[in-house]
Structures are given as C-alpha cells and as structure tokens.
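Shown next: query_26.cif, containing mmCIF, C-alpha atoms, pLDDT in the B column; chains and numbers go by the auth columns.
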data_entry
loop_
_atom_site.group_PDB
_atom_site.id
_atom_site.type_symbol
_atom_site.label_atom_id
_atom_site.label_comp_id
_atom_site.label_asym_id
_atom_site.label_seq_id
_atom_site.Cartn_x
_atom_site.Cartn_y
_atom_site.Cartn_z
_atom_site.B_iso_or_equiv
_atom_site.auth_seq_id
_atom_site.auth_asym_id
ATOM 1 C CA MET A 1 5.174 -0.864 19.966 50.00 13 A
ATOM 2 C CA LEU A 2 4.170 2.717 20.308 54.00 14 A
ATOM 3 C CA LYS A 3 0.529 2.969 21.230 53.00 15 A
ATOM 4 C CA ARG A 4 -1.592 5.842 20.006 50.00 16 A
ATOM 5 C CA ARG A 5 -2.927 8.090 22.753 52.00 17 A
ATOM 6 C CA PRO A 6 -6.720 8.327 23.244 46.00 18 A
ATOM 7 C CA ARG A 7 -8.022 11.666 21.963 43.00 19 A
ATOM 8 C CA SER A 8 -10.800 12.226 24.505 38.00 20 A
ATOM 9 C CA TRP A 9 -9.222 15.202 26.260 37.00 21 A
ATOM 10 C CA VAL A 10 -9.251 18.958 26.113 32.00 22 A
ATOM 11 C CA ALA A 11 -5.970 19.110 27.869 31.00 23 A
ATOM 12 C CA SER A 12 -5.558 15.530 28.572 33.00 24 A
ATOM 13 C CA THR A 13 -2.934 13.388 26.943 31.00 25 A
ATOM 14 C CA SER A 14 -1.877 9.875 27.501 30.00 26 A
ATOM 15 C CA ALA A 15 0.851 7.969 25.818 31.00 27 A
ATOM 16 C CA ALA A 16 1.884 4.424 26.392 31.00 28 A
ATOM 17 C CA ILE A 17 4.699 2.958 24.392 35.00 29 A
ATOM 18 C CA ALA A 18 5.828 -0.608 24.317 35.00 30 A
ATOM 19 C CA LEU A 19 8.098 -1.744 21.575 37.00 31 A
ATOM 20 C CA LEU A 20 7.853 -5.328 20.469 35.00 32 A
ATOM 21 C CA VAL A 21 10.697 -5.473 18.022 37.00 33 A
ATOM 22 C CA ALA A 22 11.154 -8.302 15.589 36.00 34 A
ATOM 23 C CA GLY A 23 13.538 -8.718 12.698 38.00 35 A
ATOM 24 C CA CYS A 24 15.810 -5.751 13.468 41.00 36 A
ATOM 25 C CA GLY A 25 19.542 -5.696 13.969 43.00 37 A
ATOM 26 C CA GLU A 26 20.732 -5.544 17.598 45.00 38 A
ATOM 27 C CA SER A 27 21.777 -1.926 17.350 81.00 39 A
ATOM 28 C CA LYS A 28 18.408 -0.873 15.971 89.00 40 A
ATOM 29 C CA VAL A 29 16.533 -3.013 18.524 87.00 41 A
ATOM 30 C CA SER A 30 18.522 -1.478 21.353 90.00 42 A
ATOM 31 C CA GLN A 31 17.886 2.048 20.106 91.00 43 A
ATOM 32 C CA CYS A 32 14.163 1.430 19.545 91.00 44 A
ATOM 33 C CA ASN A 33 13.881 0.062 23.070 88.00 45 A
ATOM 34 C CA ARG A 34 15.845 2.982 24.531 90.00 46 A
ATOM 35 C CA LEU A 35 13.531 5.477 22.826 91.00 47 A
ATOM 36 C CA ALA A 36 10.457 3.548 23.990 85.00 48 A
ATOM 37 C CA GLU A 37 11.739 3.449 27.564 87.00 49 A
ATOM 38 C CA VAL A 38 11.979 7.239 27.693 88.00 50 A
ATOM 39 C CA VAL A 39 8.577 7.817 26.125 81.00 51 A
ATOM 40 C CA ASN A 40 6.983 5.232 28.441 77.00 52 A
ATOM 41 C CA GLN A 41 7.465 7.729 31.272 80.00 53 A
ATOM 42 C CA THR A 42 4.304 9.461 30.070 79.00 54 A
ATOM 43 C CA GLN A 43 2.050 6.542 30.929 76.00 55 A
ATOM 44 C CA GLY A 44 2.016 7.172 34.689 78.00 56 A
ATOM 45 C CA PHE A 45 1.717 10.937 34.739 82.00 57 A
ATOM 46 C CA MET A 46 -0.870 11.052 31.972 81.00 58 A
ATOM 47 C CA GLN A 47 -3.135 8.571 33.803 83.00 59 A
ATOM 48 C CA GLU A 48 -2.865 10.733 36.924 85.00 60 A
ATOM 49 C CA PHE A 49 -3.634 13.847 34.864 86.00 61 A
ATOM 50 C CA GLU A 50 -6.712 12.276 33.316 86.00 62 A
ATOM 51 C CA THR A 51 -7.965 11.315 36.794 85.00 63 A
ATOM 52 C CA GLU A 52 -7.471 14.886 37.997 86.00 64 A
ATOM 53 C CA ILE A 53 -9.250 16.315 34.943 86.00 65 A
ATOM 54 C CA ALA A 54 -12.173 13.930 35.508 86.00 66 A
ATOM 55 C CA SER A 55 -12.375 15.160 39.107 85.00 67 A
ATOM 56 C CA PHE A 56 -12.269 18.763 37.863 86.00 68 A
ATOM 57 C CA SER A 57 -15.090 18.056 35.411 85.00 69 A
ATOM 58 C CA SER A 58 -17.208 16.559 38.177 86.00 70 A
ATOM 59 C CA ASN A 59 -16.543 19.516 40.476 81.00 71 A
ATOM 60 C CA ALA A 60 -17.129 22.047 37.695 82.00 72 A
ATOM 61 C CA ALA A 61 -20.520 20.505 36.944 85.00 73 A
ATOM 62 C CA GLN A 62 -21.592 21.192 40.523 87.00 74 A
ATOM 63 C CA VAL A 63 -20.482 24.831 40.947 86.00 75 A
ATOM 64 C CA GLU A 64 -22.998 27.060 42.666 88.00 76 A
ATOM 65 C CA SER A 65 -21.029 30.172 43.580 89.00 77 A
ATOM 66 C CA LEU A 66 -18.150 32.318 42.427 90.00 78 A
ATOM 67 C CA ASP A 67 -15.961 30.677 45.058 91.00 79 A
ATOM 68 C CA ASP A 68 -16.875 27.232 43.664 90.00 80 A
ATOM 69 C CA ILE A 69 -15.932 28.412 40.158 90.00 81 A
ATOM 70 C CA LYS A 70 -12.617 29.803 41.383 90.00 82 A
ATOM 71 C CA GLY A 71 -11.907 26.581 43.297 90.00 83 A
ATOM 72 C CA ALA A 72 -12.596 24.428 40.229 89.00 84 A
ATOM 73 C CA ALA A 73 -10.416 26.724 38.105 91.00 85 A
ATOM 74 C CA SER A 74 -7.593 26.410 40.624 92.00 86 A
ATOM 75 C CA GLN A 75 -7.870 22.608 40.567 91.00 87 A
ATOM 76 C CA TYR A 76 -7.671 22.614 36.756 92.00 88 A
ATOM 77 C CA ILE A 77 -4.690 24.987 36.687 94.00 89 A
ATOM 78 C CA THR A 78 -2.796 22.860 39.221 93.00 90 A
ATOM 79 C CA ALA A 79 -3.412 19.658 37.220 92.00 91 A
ATOM 80 C CA VAL A 80 -2.417 21.234 33.907 93.00 92 A
ATOM 81 C CA ASP A 81 0.684 22.913 35.331 94.00 93 A
ATOM 82 C CA LYS A 82 1.812 19.581 36.792 92.00 94 A
ATOM 83 C CA VAL A 83 1.499 17.779 33.452 92.00 95 A
ATOM 84 C CA VAL A 84 3.309 20.662 31.683 94.00 96 A
ATOM 85 C CA THR A 85 6.211 20.195 34.102 94.00 97 A
ATOM 86 C CA ASN A 86 6.210 16.450 33.351 93.00 98 A
ATOM 87 C CA LEU A 87 6.135 17.113 29.588 94.00 99 A
ATOM 88 C CA ASP A 88 9.059 19.514 29.915 95.00 100 A
ATOM 89 C CA THR A 89 10.988 16.820 31.810 93.00 101 A
ATOM 90 C CA LEU A 90 10.117 14.327 29.066 94.00 102 A
ATOM 91 C CA THR A 91 11.459 16.762 26.469 95.00 103 A
ATOM 92 C CA THR A 92 14.747 17.015 28.369 95.00 104 A
ATOM 93 C CA ASP A 93 14.961 13.231 28.707 94.00 105 A
ATOM 94 C CA LEU A 94 14.236 12.728 25.002 95.00 106 A
ATOM 95 C CA GLU A 95 16.878 15.300 24.062 95.00 107 A
ATOM 96 C CA GLY A 96 19.368 13.349 26.205 94.00 108 A
ATOM 97 C CA THR A 97 18.514 10.004 24.601 92.00 109 A
ATOM 98 C CA GLU A 98 21.479 9.062 22.456 90.00 110 A
ATOM 99 C CA LEU A 99 20.619 7.389 19.188 92.00 111 A
ATOM 100 C CA ALA A 100 23.005 6.571 16.360 91.00 112 A
ATOM 101 C CA ASP A 101 20.328 5.546 13.855 93.00 113 A
ATOM 102 C CA GLU A 102 19.587 8.679 11.816 94.00 114 A
ATOM 103 C CA THR A 103 15.982 7.666 11.144 94.00 115 A
ATOM 104 C CA LEU A 104 15.304 7.182 14.861 95.00 116 A
ATOM 105 C CA VAL A 105 17.009 10.508 15.592 95.00 117 A
ATOM 106 C CA SER A 106 14.612 12.150 13.153 96.00 118 A
ATOM 107 C CA TYR A 107 11.584 10.458 14.773 95.00 119 A
ATOM 108 C CA ARG A 108 12.824 11.434 18.236 96.00 120 A
ATOM 109 C CA ASP A 109 13.344 15.046 17.189 97.00 121 A
ATOM 110 C CA ASN A 110 9.905 15.199 15.560 96.00 122 A
ATOM 111 C CA TYR A 111 8.363 13.697 18.697 94.00 123 A
ATOM 112 C CA ILE A 112 10.176 16.283 20.842 96.00 124 A
ATOM 113 C CA GLU A 113 8.553 19.038 18.780 96.00 125 A
ATOM 114 C CA VAL A 114 5.125 17.460 19.321 94.00 126 A
ATOM 115 C CA VAL A 115 5.724 17.187 23.082 93.00 127 A
ATOM 116 C CA LYS A 116 6.829 20.834 23.176 96.00 128 A
ATOM 117 C CA GLY A 117 3.694 21.735 21.250 95.00 129 A
ATOM 118 C CA PHE A 118 1.502 19.876 23.762 93.00 130 A
ATOM 119 C CA SER A 119 3.279 21.721 26.578 95.00 131 A
ATOM 120 C CA THR A 120 2.680 25.102 24.930 96.00 132 A
ATOM 121 C CA ALA A 121 -0.971 24.330 24.181 94.00 133 A
ATOM 122 C CA LEU A 122 -1.565 23.168 27.748 94.00 134 A
ATOM 123 C CA GLN A 123 0.077 26.325 29.060 95.00 135 A
ATOM 124 C CA GLY A 124 -2.461 28.209 26.943 94.00 136 A
ATOM 125 C CA ALA A 125 -5.291 26.184 28.493 93.00 137 A
ATOM 126 C CA SER A 126 -3.956 26.922 31.977 94.00 138 A
ATOM 127 C CA SER A 127 -3.713 30.609 31.144 95.00 139 A
ATOM 128 C CA ALA A 128 -7.299 30.558 29.856 93.00 140 A
ATOM 129 C CA MET A 129 -8.521 29.028 33.101 93.00 141 A
ATOM 130 C CA SER A 130 -6.517 31.618 35.061 94.00 142 A
ATOM 131 C CA ILE A 131 -8.763 34.251 33.502 93.00 143 A
ATOM 132 C CA VAL A 132 -11.780 32.588 35.107 90.00 144 A
ATOM 133 C CA GLY A 133 -9.929 31.915 38.355 90.00 145 A
ATOM 134 C CA GLY A 134 -9.057 35.581 38.678 92.00 146 A
ATOM 135 C CA VAL A 135 -12.620 36.887 38.394 90.00 147 A
ATOM 136 C CA GLU A 136 -13.385 39.345 41.182 90.00 148 A
ATOM 137 C CA SER A 137 -17.173 39.482 40.944 90.00 149 A
ATOM 138 C CA GLU A 138 -20.059 37.555 39.445 90.00 150 A
ATOM 139 C CA ALA A 139 -20.799 40.584 37.255 92.00 151 A
ATOM 140 C CA ASP A 140 -17.394 40.177 35.574 90.00 152 A
ATOM 141 C CA LEU A 141 -17.847 36.438 35.070 88.00 153 A
ATOM 142 C CA PRO A 142 -19.645 36.365 31.670 90.00 154 A
ATOM 143 C CA ALA A 143 -17.025 38.528 29.936 91.00 155 A
ATOM 144 C CA LYS A 144 -14.151 36.567 31.507 90.00 156 A
ATOM 145 C CA ILE A 145 -15.697 33.230 30.527 89.00 157 A
ATOM 146 C CA GLU A 146 -16.000 34.429 26.931 91.00 158 A
ATOM 147 C CA GLU A 147 -12.348 35.528 26.927 91.00 159 A
ATOM 148 C CA SER A 148 -11.308 32.221 28.487 91.00 160 A
ATOM 149 C CA GLN A 149 -13.288 30.185 25.943 91.00 161 A
ATOM 150 C CA LYS A 150 -11.452 31.824 23.032 90.00 162 A
ATOM 151 C CA GLN A 151 -8.072 30.870 24.492 91.00 163 A
ATOM 152 C CA THR A 152 -9.314 27.398 25.395 91.00 164 A
ATOM 153 C CA MET A 153 -10.563 26.765 21.859 92.00 165 A
ATOM 154 C CA ASP A 154 -7.170 27.819 20.480 92.00 166 A
ATOM 155 C CA ALA A 155 -5.467 25.366 22.855 92.00 167 A
ATOM 156 C CA VAL A 156 -7.891 22.562 21.933 90.00 168 A
ATOM 157 C CA SER A 157 -7.301 23.165 18.233 93.00 169 A
ATOM 158 C CA SER A 158 -3.534 22.951 18.732 93.00 170 A
ATOM 159 C CA ILE A 159 -3.866 19.771 20.790 91.00 171 A
ATOM 160 C CA GLN A 160 -6.008 18.146 18.100 92.00 172 A
ATOM 161 C CA GLU A 161 -3.472 18.994 15.379 94.00 173 A
ATOM 162 C CA LEU A 162 -0.602 17.750 17.537 93.00 174 A
ATOM 163 C CA SER A 163 -2.480 14.520 18.252 88.00 175 A
ATOM 164 C CA VAL A 164 -2.604 13.779 14.528 93.00 176 A
ATOM 165 C CA GLN A 165 1.130 14.447 14.226 94.00 177 A
ATOM 166 C CA GLU A 166 1.822 12.268 17.249 88.00 178 A
ATOM 167 C CA SER A 167 -0.205 9.380 15.809 85.00 179 A
ATOM 168 C CA THR A 168 1.690 9.643 12.536 91.00 180 A
ATOM 169 C CA ILE A 169 5.069 9.586 14.270 91.00 181 A
ATOM 170 C CA ILE A 170 4.048 6.645 16.470 84.00 182 A
ATOM 171 C CA GLY A 171 2.861 4.683 13.450 86.00 183 A
ATOM 172 C CA GLU A 172 6.078 5.403 11.564 91.00 184 A
ATOM 173 C CA VAL A 173 8.258 4.401 14.527 90.00 185 A
ATOM 174 C CA ASN A 174 6.275 1.186 14.977 85.00 186 A
ATOM 175 C CA THR A 175 6.729 0.330 11.319 91.00 187 A
ATOM 176 C CA TYR A 176 10.408 1.264 11.319 92.00 188 A
ATOM 177 C CA CYS A 177 11.135 -0.715 14.487 90.00 189 A
ATOM 178 C CA GLY A 178 9.178 -3.720 13.246 83.00 190 A
ATOM 179 C CA ALA A 179 6.553 -3.600 15.983 73.00 191 A
ATOM 180 C CA ASP A 180 3.580 -5.903 15.506 56.00 192 A
ATOM 181 C CA ALA A 181 0.522 -3.618 15.686 45.00 193 A
ATOM 182 C CA THR A 182 -1.804 -6.480 16.595 38.00 194 A
ATOM 183 C CA SER A 183 0.180 -7.760 19.567 35.00 195 A
ATOM 184 C CA VAL A 184 -0.340 -4.754 21.876 34.00 196 A
ATOM 185 C CA GLY A 185 -3.434 -2.744 22.616 34.00 197 A
ATOM 186 C CA GLY A 186 -5.877 -4.614 20.424 32.00 198 A
ATOM 187 C CA GLY A 187 -4.554 -3.450 17.086 35.00 199 A
ATOM 188 C CA GLY A 188 -2.783 -0.260 18.105 37.00 200 A
ATOM 189 C CA GLU A 189 -5.585 2.059 17.085 36.00 201 A
ATOM 190 C CA ALA A 190 -6.485 4.883 19.393 35.00 202 A
ATOM 191 C CA GLU A 191 -9.934 5.231 20.818 33.00 203 A
ATOM 192 C CA GLY A 192 -12.096 7.510 18.781 36.00 204 A
ATOM 193 C CA GLU A 193 -10.031 7.335 15.638 33.00 205 A
#
How would this structure read if it were set down as structure tokens?
Amino acid sequence: MLKRRPRSWVASTSAAIALLVAGCGESKVSQCNRLAEVVNQTQGFMQEFETEIASFSSNAAQVESLDDIKGAASQYITAVDKVVTNLDTLTTDLEGTELADETLVSYRDNYIEVVKGFSTALQGASSAMSIVGGVESEADLPAKIEESQKQTMDAVSSIQELSVQESTIIGEVNTYCGADATSVGGGGEAEGE
C-alpha cells in the first residue's frame, strides 16, 4: 500500500510505500510491487532529511551572530541539496521501471512529475537560503531575509500543491492495486490531513 507522506515540512518530504496486494492478477501484482519497491527508496533518505531539518531548526532558533546565521543556512542548504540529489536519483529509477500495465505506467509517469516538482521546489528553497547564507554584513541582513522569505514562500506553496497531487496519486494506486488501506499505517491517512 502506498502511504501518504506527512505534510509537516517546509522542505521536508517523506514517503513510505508498501503494497499489500489482494485480488489482482499475477502480472498486475508483480508490477504494483515493482513500482512500490522503487518508491520505497524514499523512506530512508526522507527520514534522514527530516532529522537534519529538525537539527537545523534547533540551531536556527539559537543564532546569536551573523556567523551563526550563515552556519545554520549552510546546514540547511546541505540537507536540501542532498535530498534533491536523492529525488533526482528516484526520478531516474522510476523512469527505468518497466511496466506493461498502461494504468500503472500513467500513475508512474504522474508520480515522476510530482517528484520532479518536489525537486524543483526544494532547489528554490535552497536558493532562498543561499541568499541569507551569502550575507556580508548584519546591515544587509534584513533586506536579504525579506528576499529569501519571498522565494521560500513560493517553494512552500509549490510543495503544498505537490503534496495534494502526491496524495491523490497514492490513493489511486492503492485502489488500483487492491491495497487494503486499513492494514498499513493505521488507515493510510497522512498526519495533518
């Protein structure tokens, strides 16, 4: 069963997929499982990313100097850039996943577009934080923070829209593959939805 990702992140995403397929033909079962296996790759790197973002948030709450701000920004950029690389690898792996079932191909292709969208939005968030990380003086900080916030809000908006699309695709794949929504993850609903 595909499990909806919690939506508690600015640039944080997590996806865990486990297909529990019942009542499908062998070919469809095999293809559903193959698709789930590829998407399951996100579980590990998204948990690591969320841990790094939590650490960033803690560090950012304790900044006292321009150097502290730049250090926190650097930590954020490194974490986001790492997850973007992982998402790009996931995209490549999904594109290489051979499926004969036309409906699953359509779901896979739609999911690829969502993953690419997450990657682009996160790149925007990283770029926004680079503005803050590149500040040369405390006098420049207020203007750079304002510029960064605009880009960050654009990235957050994109991520929220993509999260809705992702949830829809996951629900459709679960239904199509015959996954039992109550047997994994306490009903399959994402936190905060």
Check which residues satisfy the PyMOL selection byres ((chain A and resi 95-105) around 10) in the file shown, then give them as a PyMOL selection string.
chain A and resi 23-25+47+50-54+57-58+60-62+90-94+106-110+120-121+123-135+138
Could you work out how far CA of Lys156 (chain A) lies from CA of Leu78 (chain A), giving the answer in Å with one decimal?
12.4 Å
Nearest residue to Met165 (chain A) from the set A:Met141, A:Ile81, A:Ile65, A:Ala112 (distances using all atoms listed in the file)
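Going through A:Met141, A:Ile81, A:Ile65, A:Ala112 one by one, the smallest distance to Met165 (chain A) is for A:Met141.
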Could you state which residues are captured by the PyMOL selection byres ((chain A and resi 161) around 12) in this file, as a list in words?
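Those residues are Val22, Gly136, Ala137, Ser138, Ser139, Ala140, Met141, Ser142, Ile143, Val144, Leu153, Pro154, Ala155, Lys156, Ile157, Glu158, Glu159, Ser160, Lys162, Gln163, Thr164, Met165, Asp166, Ala167 and Val168 of chain A.
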So the first atom is CA of Ile171 (chain A) and the second is CA of Asn122 (chain A); what is the distance between them in Å, to one decimal place?
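Pair CA of Ile171 (chain A) / CA of Asn122 (chain A) returns 15.4 Å.
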In Å, with one decimal, what is the gap from CA of Cys189 (chain A) to CA of Cys44 (chain A)?
6.3 Å
Residues at most 10 Å from Asp113 (chain A), counting only C-alpha atoms, excluding those fewer than 4 positions away in the same chain, as a ChimeraX atom specification?
/A:39-40,43-44,117-118
Would you please work out which residue, of A:Ala85, A:Leu111, A:Ala191, A:Val185, is nearest to Ala72 (chain A) when using only C-alpha atoms?
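Checking each candidate against Ala72 (chain A), we get A:Ala85 as the closest.
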Output the residue selection produced by the PyMOL selection byres ((chain A and resi 178) around 10) on the file above, formatted as a VMD selection string.
chain A and resid 16 to 17 27 122 to 127 172 to 177 179 to 184
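Considering only C-alpha atoms, the residue among A:Leu116, A:Gly145, A:Tyr188, A:Ala84 positioned nearest to Arg46 (chain A) is A:Leu116.
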Is it possible to get the axis-aligned box enclosing region 64-81 of chain A (all listed atoms, 4 Å extra per side) as JSON, with centre and edge lengths in Å rounded to one decimal?
{"center_x": -15.2, "center_y": 23.1, "center_z": 40.0, "size_x": 23.5, "size_y": 26.4, "size_z": 18.1}
